[in-house]
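Reproduced below: coords-v2.txt, with compact mmCIF, C-alpha atoms and all ligand atoms.
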```
# COMPACT_ATOMS: atom_id res chain seq x y z
CA MET A 220 38.45 -27.30 9.84
CA GLN A 221 36.21 -29.42 7.63
CA ALA A 222 37.86 -32.55 9.07
CA ILE A 223 37.20 -31.37 12.63
CA LYS A 224 33.56 -30.69 11.73
CA GLU A 225 33.29 -34.24 10.33
CA VAL A 226 34.72 -35.73 13.53
CA VAL A 227 32.35 -33.71 15.71
CA LYS A 228 29.42 -34.71 13.48
CA HIS A 229 30.44 -38.35 13.85
CA ALA A 230 30.90 -38.10 17.59
CA ARG A 231 27.40 -36.57 17.93
CA ALA A 232 25.84 -39.11 15.60
CA PHE A 233 26.65 -42.12 17.77
CA SER A 234 23.58 -41.57 19.92
CA SER A 235 21.43 -42.06 16.79
CA VAL A 236 22.80 -45.52 15.86
CA PRO A 237 20.42 -48.07 17.43
CA ALA A 238 21.90 -50.41 20.08
CA HIS A 239 21.02 -53.54 18.08
CA PHE A 240 23.65 -52.39 15.59
CA ASP A 241 26.36 -52.84 18.22
CA ARG A 242 29.47 -53.90 16.37
CA LYS A 243 32.87 -55.17 17.40
CA VAL A 244 35.88 -54.03 15.37
CA ALA A 245 39.38 -55.47 15.83
CA VAL A 246 42.51 -53.67 14.62
CA LEU A 247 45.53 -55.97 14.12
CA GLY A 248 48.76 -53.95 14.17
CA ALA A 249 47.09 -51.32 16.36
CA ALA A 250 50.31 -49.97 17.89
CA GLY A 251 51.82 -49.07 14.50
CA GLY A 252 52.01 -45.91 12.44
CA ILE A 253 48.63 -46.58 10.82
CA GLY A 254 47.23 -48.62 13.71
CA GLN A 255 47.29 -45.81 16.28
CA PRO A 256 45.48 -43.05 14.36
CA LEU A 257 43.15 -45.66 12.85
CA SER A 258 42.26 -46.88 16.35
CA LEU A 259 41.56 -43.27 17.33
CA LEU A 260 39.24 -42.79 14.33
CA MET A 261 37.43 -46.08 14.97
CA LYS A 262 36.88 -44.97 18.58
CA LEU A 263 35.12 -41.91 17.12
CA SER A 264 33.00 -44.01 14.77
CA PRO A 265 29.29 -44.01 15.56
CA TYR A 266 29.09 -47.60 14.28
CA VAL A 267 31.51 -49.20 16.76
CA SER A 268 30.51 -50.38 20.23
CA GLU A 269 33.56 -52.54 21.02
CA LEU A 270 37.10 -51.91 19.84
CA ALA A 271 39.78 -54.60 20.22
CA LEU A 272 43.33 -53.30 19.68
CA TYR A 273 45.84 -56.07 18.96
CA ASP A 274 49.58 -55.95 18.28
CA ILE A 275 52.61 -58.00 19.22
CA ALA A 276 53.40 -55.32 21.85
CA GLY A 277 52.44 -51.81 22.91
CA THR A 278 48.67 -52.15 22.79
CA PRO A 279 47.97 -51.77 26.53
CA GLY A 280 49.25 -48.19 26.26
CA VAL A 281 47.40 -47.37 23.02
CA ALA A 282 44.18 -48.87 24.40
CA ALA A 283 44.43 -47.01 27.74
CA ASP A 284 45.01 -43.76 25.87
CA VAL A 285 42.21 -44.17 23.30
CA SER A 286 39.77 -45.52 25.92
CA HIS A 287 39.62 -42.14 27.69
CA ILE A 288 37.85 -40.54 24.72
CA ASN A 289 34.20 -39.98 25.59
CA SER A 290 32.58 -41.84 22.71
CA LYS A 291 30.48 -45.00 22.67
CA ALA A 292 32.98 -47.81 22.00
CA THR A 293 34.58 -49.72 24.85
CA VAL A 294 38.27 -50.33 24.18
CA LYS A 295 40.55 -53.20 25.16
CA GLY A 296 44.19 -53.83 24.31
CA TYR A 297 45.55 -57.28 23.47
CA ALA A 298 49.29 -57.97 23.18
CA GLY A 299 51.01 -61.13 21.97
CA GLU A 300 49.82 -64.20 20.14
CA ASP A 301 48.16 -65.84 23.12
CA GLN A 302 45.68 -62.92 23.31
CA LEU A 303 44.87 -62.85 19.58
CA GLY A 304 41.92 -65.26 19.80
CA GLU A 305 40.26 -63.21 22.51
CA ALA A 306 40.78 -60.02 20.48
CA LEU A 307 39.06 -61.60 17.47
CA LYS A 308 36.19 -63.40 19.16
CA GLY A 309 32.86 -61.83 18.09
CA ALA A 310 34.45 -59.33 15.70
CA ASP A 311 32.24 -58.06 12.87
CA VAL A 312 35.07 -56.27 11.06
CA VAL A 313 38.81 -56.96 11.37
CA ILE A 314 41.15 -54.28 10.04
CA ILE A 315 44.70 -55.48 9.31
CA PRO A 316 47.47 -52.87 9.00
CA ALA A 317 50.10 -55.22 10.55
CA GLY A 318 53.46 -55.51 8.85
CA VAL A 319 56.47 -53.54 7.73
CA PRO A 320 56.24 -50.38 5.59
CA ARG A 321 58.46 -49.35 2.65
CA LYS A 322 61.65 -47.33 2.74
CA PRO A 323 62.83 -45.18 -0.20
CA GLY A 324 63.89 -47.32 -3.16
CA MET A 325 61.67 -50.27 -2.25
CA THR A 326 58.60 -51.50 -4.10
CA ARG A 327 55.57 -52.80 -2.22
CA ASP A 328 56.47 -56.26 -3.49
CA ASP A 329 59.77 -55.99 -1.58
CA LEU A 330 57.62 -56.24 1.58
CA PHE A 331 56.24 -59.63 0.54
CA LYS A 332 58.99 -61.63 2.30
CA ILE A 333 58.00 -60.34 5.74
CA ASN A 334 54.37 -59.33 5.36
CA ALA A 335 53.10 -62.45 3.57
CA GLY A 336 53.77 -64.59 6.65
CA ILE A 337 52.32 -61.98 9.02
CA VAL A 338 49.08 -61.73 7.03
CA ARG A 339 48.78 -65.50 6.65
CA ALA A 340 49.13 -66.05 10.42
CA LEU A 341 46.66 -63.29 11.32
CA VAL A 342 44.09 -64.40 8.75
CA GLU A 343 44.43 -68.01 9.95
CA ALA A 344 43.49 -66.76 13.43
CA CYS A 345 40.53 -64.85 11.93
CA GLY A 346 39.41 -68.05 10.18
CA LYS A 347 39.45 -69.86 13.52
CA HIS A 348 38.03 -67.20 15.85
CA CYS A 349 35.77 -64.97 13.70
CA PRO A 350 35.16 -66.73 10.35
CA LYS A 351 32.17 -64.50 9.54
CA ALA A 352 33.99 -61.19 10.05
CA LEU A 353 34.66 -58.85 7.15
CA LEU A 354 38.43 -58.60 6.71
CA ASN A 355 39.83 -55.21 5.66
CA ILE A 356 43.37 -55.90 4.48
CA ILE A 357 45.72 -52.91 4.46
CA SER A 358 49.12 -54.70 4.76
CA ASN A 359 51.21 -54.50 1.59
CA PRO A 360 51.61 -55.76 -1.03
CA VAL A 361 47.79 -55.70 -1.11
CA ASN A 362 47.83 -57.21 -4.64
CA SER A 363 49.26 -60.38 -3.02
CA THR A 364 48.09 -60.23 0.61
CA VAL A 365 44.41 -60.41 -0.36
CA PRO A 366 44.95 -63.60 -2.43
CA ILE A 367 47.01 -64.95 0.51
CA ALA A 368 44.08 -64.26 2.84
CA ALA A 369 41.60 -65.91 0.46
CA GLU A 370 43.75 -69.03 0.01
CA THR A 371 44.43 -69.29 3.76
CA LEU A 372 40.70 -69.23 4.53
CA LYS A 373 40.04 -71.74 1.73
CA ARG A 374 42.47 -74.14 3.34
CA LEU A 375 40.58 -73.76 6.63
CA GLY A 376 37.29 -74.40 4.80
CA VAL A 377 35.79 -71.05 5.83
CA TYR A 378 36.43 -68.86 2.78
CA ASP A 379 33.64 -66.51 1.77
CA GLU A 380 34.78 -64.25 -1.05
CA LYS A 381 32.23 -61.62 -0.01
CA ARG A 382 34.11 -61.05 3.23
CA VAL A 383 37.73 -60.55 2.16
CA LEU A 384 38.38 -56.98 1.07
CA GLY A 385 41.62 -55.23 0.14
CA VAL A 386 41.67 -51.59 1.18
CA THR A 387 42.38 -49.34 -1.82
CA THR A 388 40.50 -46.33 -0.44
CA LEU A 389 43.68 -44.28 -0.14
CA ASP A 390 44.04 -44.34 -3.93
CA VAL A 391 40.52 -42.92 -4.23
CA VAL A 392 41.23 -40.32 -1.53
CA ARG A 393 44.38 -39.24 -3.42
CA ALA A 394 42.71 -39.19 -6.83
CA LYS A 395 39.90 -36.99 -5.46
CA THR A 396 42.36 -34.58 -3.81
CA PHE A 397 44.65 -34.22 -6.83
CA TYR A 398 41.76 -33.94 -9.32
CA ALA A 399 39.87 -31.32 -7.31
CA GLU A 400 43.05 -29.28 -6.82
CA LYS A 401 43.94 -29.34 -10.54
CA ALA A 402 40.43 -28.64 -11.82
CA GLY A 403 39.63 -26.03 -9.17
CA LEU A 404 36.68 -28.00 -7.78
CA ASP A 405 35.21 -28.33 -4.29
CA VAL A 406 36.92 -31.55 -3.15
CA SER A 407 33.99 -32.49 -0.92
CA LYS A 408 31.80 -32.83 -4.04
CA VAL A 409 34.28 -34.83 -6.11
CA ASP A 410 34.28 -38.55 -6.83
CA VAL A 411 36.83 -40.53 -8.85
CA PRO A 412 36.66 -44.32 -9.26
CA VAL A 413 40.05 -46.04 -9.04
CA VAL A 414 40.28 -49.60 -10.33
CA GLY A 415 42.83 -52.41 -10.64
CA GLY A 416 45.12 -53.06 -7.70
CA HIS A 417 47.27 -51.17 -5.23
CA ALA A 418 50.79 -50.78 -6.66
CA GLY A 419 52.23 -48.55 -9.39
CA VAL A 420 50.64 -49.11 -12.79
CA THR A 421 48.01 -51.44 -11.31
CA ILE A 422 46.41 -48.33 -9.76
CA LEU A 423 44.16 -46.88 -12.49
CA PRO A 424 42.07 -43.78 -11.74
CA LEU A 425 39.18 -43.37 -14.19
CA PHE A 426 39.12 -39.60 -14.59
CA SER A 427 36.74 -39.93 -17.57
CA GLN A 428 34.14 -41.09 -15.02
CA ALA A 429 34.98 -38.46 -12.40
CA VAL A 430 32.15 -36.43 -10.93
CA PRO A 431 31.81 -33.57 -11.66
CA ASN A 432 33.24 -33.95 -15.14
CA ALA A 433 35.96 -31.37 -15.69
CA ALA A 434 37.07 -32.57 -19.13
CA ASN A 435 36.83 -29.04 -20.50
CA LYS A 436 39.32 -27.79 -17.87
CA LEU A 437 41.94 -30.54 -18.16
CA SER A 438 44.18 -31.43 -21.09
CA GLU A 439 45.36 -34.95 -21.96
CA ALA A 440 48.71 -34.02 -20.42
CA ASP A 441 46.93 -32.96 -17.21
CA ILE A 442 45.11 -36.31 -17.03
CA ASP A 443 48.34 -38.19 -17.65
CA ALA A 444 50.07 -36.23 -14.86
CA LEU A 445 47.13 -36.80 -12.47
CA THR A 446 47.13 -40.52 -13.26
CA LYS A 447 50.87 -40.82 -12.62
CA ARG A 448 50.64 -38.80 -9.40
CA THR A 449 47.86 -41.08 -8.12
CA GLN A 450 49.89 -44.17 -9.05
CA ASP A 451 52.96 -42.75 -7.31
CA GLY A 452 51.16 -41.20 -4.32
CA GLY A 453 52.55 -43.80 -1.92
CA THR A 454 56.09 -43.27 -3.18
CA GLU A 455 55.69 -39.49 -2.83
CA VAL A 456 55.04 -40.00 0.90
CA VAL A 457 57.76 -42.65 1.32
CA GLN A 458 60.32 -40.26 -0.17
CA ALA A 459 59.12 -37.29 1.89
CA LYS A 460 59.37 -39.40 5.08
CA ALA A 461 62.94 -40.28 4.03
CA GLY A 462 63.26 -43.68 5.71
CA LYS A 463 60.69 -43.14 8.47
CA GLY A 464 57.97 -45.24 6.82
CA SER A 465 55.05 -44.67 4.45
CA ALA A 466 51.63 -43.04 4.59
CA THR A 467 50.09 -43.46 8.03
CA LEU A 468 47.75 -40.51 8.68
CA SER A 469 46.05 -40.37 5.28
CA MET A 470 45.89 -44.19 5.39
CA ALA A 471 44.27 -44.14 8.82
CA TYR A 472 41.68 -41.71 7.44
CA ALA A 473 41.09 -43.89 4.37
CA GLY A 474 40.98 -47.08 6.47
CA ALA A 475 38.41 -45.55 8.81
CA LEU A 476 36.26 -44.40 5.87
CA PHE A 477 36.33 -47.92 4.43
CA ALA A 478 35.67 -49.70 7.74
CA ASP A 479 32.73 -47.35 8.40
CA ALA A 480 31.39 -48.20 4.93
CA CYS A 481 31.63 -51.92 5.75
CA LEU A 482 29.80 -51.33 9.04
CA ARG A 483 27.07 -49.29 7.35
CA GLY A 484 26.62 -52.13 4.87
CA LEU A 485 26.38 -54.69 7.68
CA ASN A 486 23.77 -52.49 9.37
CA GLY A 487 21.60 -52.54 6.25
CA ASP A 488 22.31 -49.10 4.81
CA PRO A 489 21.05 -49.66 1.24
CA ASP A 490 23.43 -47.34 -0.51
CA VAL A 491 27.05 -48.14 0.31
CA VAL A 492 29.38 -48.23 -2.69
CA GLU A 493 33.20 -48.19 -2.42
CA CYS A 494 36.14 -49.23 -4.58
CA THR A 495 37.84 -52.29 -3.08
CA TYR A 496 40.15 -55.11 -4.19
CA VAL A 497 38.20 -58.37 -4.07
CA ALA A 498 37.73 -61.73 -5.78
CA SER A 499 36.21 -60.63 -9.07
CA THR A 500 35.27 -61.84 -12.52
CA ILE A 501 35.02 -58.48 -14.26
CA THR A 502 38.47 -58.86 -15.87
CA GLU A 503 40.68 -61.81 -16.76
CA VAL A 504 42.48 -61.73 -13.36
CA PRO A 505 40.84 -63.31 -10.29
CA PHE A 506 41.24 -60.33 -7.93
CA PHE A 507 40.51 -56.77 -8.99
CA SER A 508 39.44 -53.48 -7.44
CA SER A 509 36.34 -51.76 -8.74
CA LYS A 510 33.19 -50.19 -7.37
CA VAL A 511 31.43 -52.64 -5.07
CA LYS A 512 28.12 -52.46 -3.22
CA LEU A 513 28.56 -53.39 0.44
CA GLY A 514 25.71 -55.00 2.33
CA LYS A 515 24.70 -57.23 5.24
CA ASN A 516 27.07 -60.01 4.12
CA GLY A 517 29.91 -57.89 2.80
CA VAL A 518 30.27 -57.66 -0.98
CA GLU A 519 26.75 -57.62 -2.41
CA GLN A 520 27.47 -56.63 -5.99
CA ILE A 521 30.58 -55.94 -8.03
CA TYR A 522 30.08 -53.27 -10.66
CA GLY A 523 31.71 -53.43 -14.06
CA LEU A 524 34.24 -50.89 -15.30
CA GLY A 525 31.85 -48.75 -17.34
CA SER A 526 33.12 -47.29 -20.57
CA LEU A 527 36.85 -46.57 -20.65
CA ASN A 528 38.52 -44.10 -23.00
CA ASP A 529 41.56 -45.19 -25.03
CA TYR A 530 44.03 -43.94 -22.39
CA GLU A 531 42.29 -45.92 -19.62
CA ALA A 532 41.86 -49.03 -21.79
CA ALA A 533 45.62 -48.97 -22.45
CA GLY A 534 46.25 -48.57 -18.70
CA LEU A 535 44.05 -51.58 -17.99
CA LYS A 536 45.83 -53.72 -20.56
CA ALA A 537 49.25 -52.67 -19.25
CA MET A 538 48.50 -53.53 -15.61
CA LEU A 539 47.12 -57.05 -16.03
CA PRO A 540 50.42 -59.01 -16.32
CA GLU A 541 51.81 -57.44 -13.11
CA LEU A 542 48.54 -57.91 -11.27
CA ARG A 543 48.27 -61.54 -12.36
CA SER A 544 51.82 -62.30 -11.27
CA SER A 545 51.30 -60.67 -7.81
CA ILE A 546 48.11 -62.70 -7.36
CA GLU A 547 49.80 -65.95 -8.38
CA LYS A 548 52.73 -65.23 -6.06
CA GLY A 549 50.33 -64.77 -3.12
CA ILE A 550 48.35 -67.92 -3.87
CA ALA A 551 51.51 -70.02 -4.30
CA PHE A 552 52.84 -68.74 -0.96
CA ALA A 553 49.62 -69.58 0.87
CA LYS A 554 49.58 -73.03 -0.70
CA GLY A 555 53.15 -73.55 0.54
CA GLU A 556 54.48 -74.02 -3.00
P1 LIG A 601 54.40 -49.74 11.23
O1 LIG A 601 55.68 -50.47 11.23
O2 LIG A 601 54.37 -48.36 11.78
O3 LIG A 601 53.31 -50.57 12.05
C1 LIG A 601 53.08 -51.92 11.80
C2 LIG A 601 52.60 -52.56 13.08
O4 LIG A 601 52.37 -53.94 12.79
C3 LIG A 601 53.64 -52.51 14.23
O5 LIG A 601 53.05 -51.97 15.38
C4 LIG A 601 54.02 -53.96 14.43
O6 LIG A 601 54.30 -54.30 15.77
C5 LIG A 601 52.75 -54.66 13.94
N1 LIG A 601 52.95 -56.07 13.65
C6 LIG A 601 54.00 -56.68 13.04
N2 LIG A 601 53.81 -58.01 13.02
C7 LIG A 601 52.62 -58.24 13.61
C8 LIG A 601 51.87 -59.40 13.90
N3 LIG A 601 52.31 -60.61 13.57
N4 LIG A 601 50.69 -59.26 14.53
C9 LIG A 601 50.22 -58.03 14.85
N5 LIG A 601 50.88 -56.90 14.61
C10 LIG A 601 52.07 -57.00 14.00
O7 LIG A 601 53.83 -49.75 9.74
P2 LIG A 601 52.63 -48.88 9.13
O8 LIG A 601 53.15 -47.60 8.60
O9 LIG A 601 51.51 -48.85 10.12
O10 LIG A 601 52.23 -49.78 7.85
C11 LIG A 601 51.67 -51.06 8.02
C12 LIG A 601 51.40 -51.72 6.67
O11 LIG A 601 50.40 -51.01 5.94
C13 LIG A 601 52.61 -51.78 5.74
O12 LIG A 601 52.68 -53.04 5.13
C14 LIG A 601 52.32 -50.71 4.70
O13 LIG A 601 52.98 -50.95 3.49
C15 LIG A 601 50.83 -50.84 4.60
N6 LIG A 601 50.13 -49.69 4.00
C16 LIG A 601 49.10 -49.95 3.16
C17 LIG A 601 48.37 -48.92 2.58
C18 LIG A 601 47.21 -49.20 1.68
O14 LIG A 601 46.76 -48.28 1.00
N7 LIG A 601 46.67 -50.39 1.64
C19 LIG A 601 48.73 -47.59 2.88
C20 LIG A 601 49.78 -47.36 3.75
C21 LIG A 601 50.49 -48.42 4.31
C1 LIG A 602 50.50 -46.16 0.04
O1 LIG A 602 49.94 -46.18 -1.06
O2 LIG A 602 50.74 -45.09 0.63
C2 LIG A 602 50.89 -47.44 0.70
O3 LIG A 602 50.66 -48.53 -0.13
C3 LIG A 602 52.24 -47.43 1.30
C4 LIG A 602 53.35 -47.45 0.29
O4 LIG A 602 54.28 -48.25 0.46
O5 LIG A 602 53.33 -46.65 -0.64
```
Using the file provided, produce a representation of the structure as structure tokens.
Ligand code: NAD
Ligand code: LMR
Amino acid sequence: MQAIKEVVKHARAFSSVPAHFDRKVAVLGAAGGIGQPLSLLMKLSPYVSELALYDIAGTPGVAADVSHINSKATVKGYAGEDQLGEALKGADVVIIPAGVPRKPGMTRDDLFKINAGIVRALVEACGKHCPKALLNIISNPVNSTVPIAAETLKRLGVYDEKRVLGVTTLDVVRAKTFYAEKAGLDVSKVDVPVVGGHAGVTILPLFSQAVPNAANKLSEADIDALTKRTQDGGTEVVQAKAGKGSATLSMAYAGALFADACLRGLNGDPDVVECTYVASTITEVPFFSSKVKLGKNGVEQIYGLGSLNDYEAAGLKAMLPELRSSIEKGIAFAKGE
């Protein structure tokens, strides 16, 4: 019910977003499990005036369907490589959920073989056709696909580290849900920063910094269980779907939240802060997810980690070797090594 209220509120709000904030959003992989509901949610966004839906096939149908919704954005479908440039031209934000999802027993890194090449090709096209767009990279393994995107744009001479963002919002969405449920809190009033990357132990929720603080209600064992459930949230869905893919609906929701945050930043909203996986110097690895202020040029400020308790500090130390190796793997791939 709350979700429906949010959608209705959004749909009503579009009349209050001034026309000079007209924004084009492109979704690459729009006919997929994430792509379709994400396209629906972006059609409902008050911040979108033009929606370009690209996939290798199937987008004319998705676009025709979504275009009948009576909200502001005009919608066009683009199918096949020869239409990719047109889909990207003039885009302010490009959301990339293209690629294969996991099956039970696989790690996200097992997707590298197929998805690395898909992301490189799509980002190359972004570098050529919309080099100033903010890229929201959803395709896994995010810990490697974001470095691939960065290196690909570097090679084209158009890399701006403020504009390449890995989407880790689903980890935050999960941490909020699980924390609120366990502590008996109103989930709509809960916030939990999640830092690191987007795979297993590289996902580190900072429950010591959660708002509101429920330390008196949760034991160390509770926090350990919540941390592990957040780290394994993706696997929980992969197993429940039993071979039919990974999270699509919750990811579409998280992807739409993050894209809207990027658009609000571009429009000059002074107060947009999200966790996202970006080029960063706050740890010893060159890409890291933490709280970031989003503004007119993308990443405006990267916040530090704040004070970590011993459990979180150990989690940070434990994740860095895996994160570093995923980053190096992505960079080497994009360099053709
Ligand atoms: P899916 O198979 O349902 O859809 C993927 C879509 O990508 C398909 O429509 C396919 O045609 C399209 N595609 C493939 N190659 C393409 C190309 N070269 N250009 C354009 N489109 C192309 O998969 P899904 O469930 O939507 O998941 C997509 C990706 O998102 C996976 O890699 C998955 O692991 C990842 N994912 C990430 C998160 C996250 O939190 N970042 C969460 C869930 C899923
Ligand atoms: C998720 O966290 O749900 C995604 O990264 C998909 C996956 O493979 O778990």
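You can rank A:Val342, A:Val361, A:Ala298, A:Ala533 by their closest distance to ligand LIG 602 (chain A) using only C-alpha atoms and all ligand atoms, and at the top of that list sits A:Val361.
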All residues within 8 Å of ligand LIG 602 (chain A) are required, counting only C-alpha atoms and all ligand atoms; please report them as an MDAnalysis selection string. chainID A and resid 320:322 326:327 359:361 389:390 417:418 451:457 464:467 470
Excluding Glu519 (chain A) and residues on its chain fewer than 2 positions from it, collect all residues at most 10 Å away from it, counting all atoms listed in the file, and give them as a list in words. Lys381, Arg382, Gly484, Val491, Val492, Val511, Lys512, Leu513, Gly514, Lys515, Asn516, Gly517, Ile521 and Tyr522 of chain A
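Taking all atoms listed in the file into account, those protein, DNA and RNA residues with any atom at most 10 Å away from (48.8, -50.0, -12.9) amount to Val414, Gly415, Gly416, His417, Ala418, Gly419, Val420, Thr421, Ile422, Leu423, Pro424, Thr446, Lys447, Gln450, Gly534, Leu535, Lys536, Ala537, Met538, Leu539, Pro540, Glu541 and Leu542 of chain A.
With all atoms listed in the file as the atoms that count, the minimum distance from Leu482 (chain A) to the choices A:Ala352, A:Ile288, A:Leu468, A:Val319 is reached by A:Ala352.
For the pair CA of Val430 (chain A) and CA of Tyr530 (chain A), the interatomic distance is 18.1 Å.
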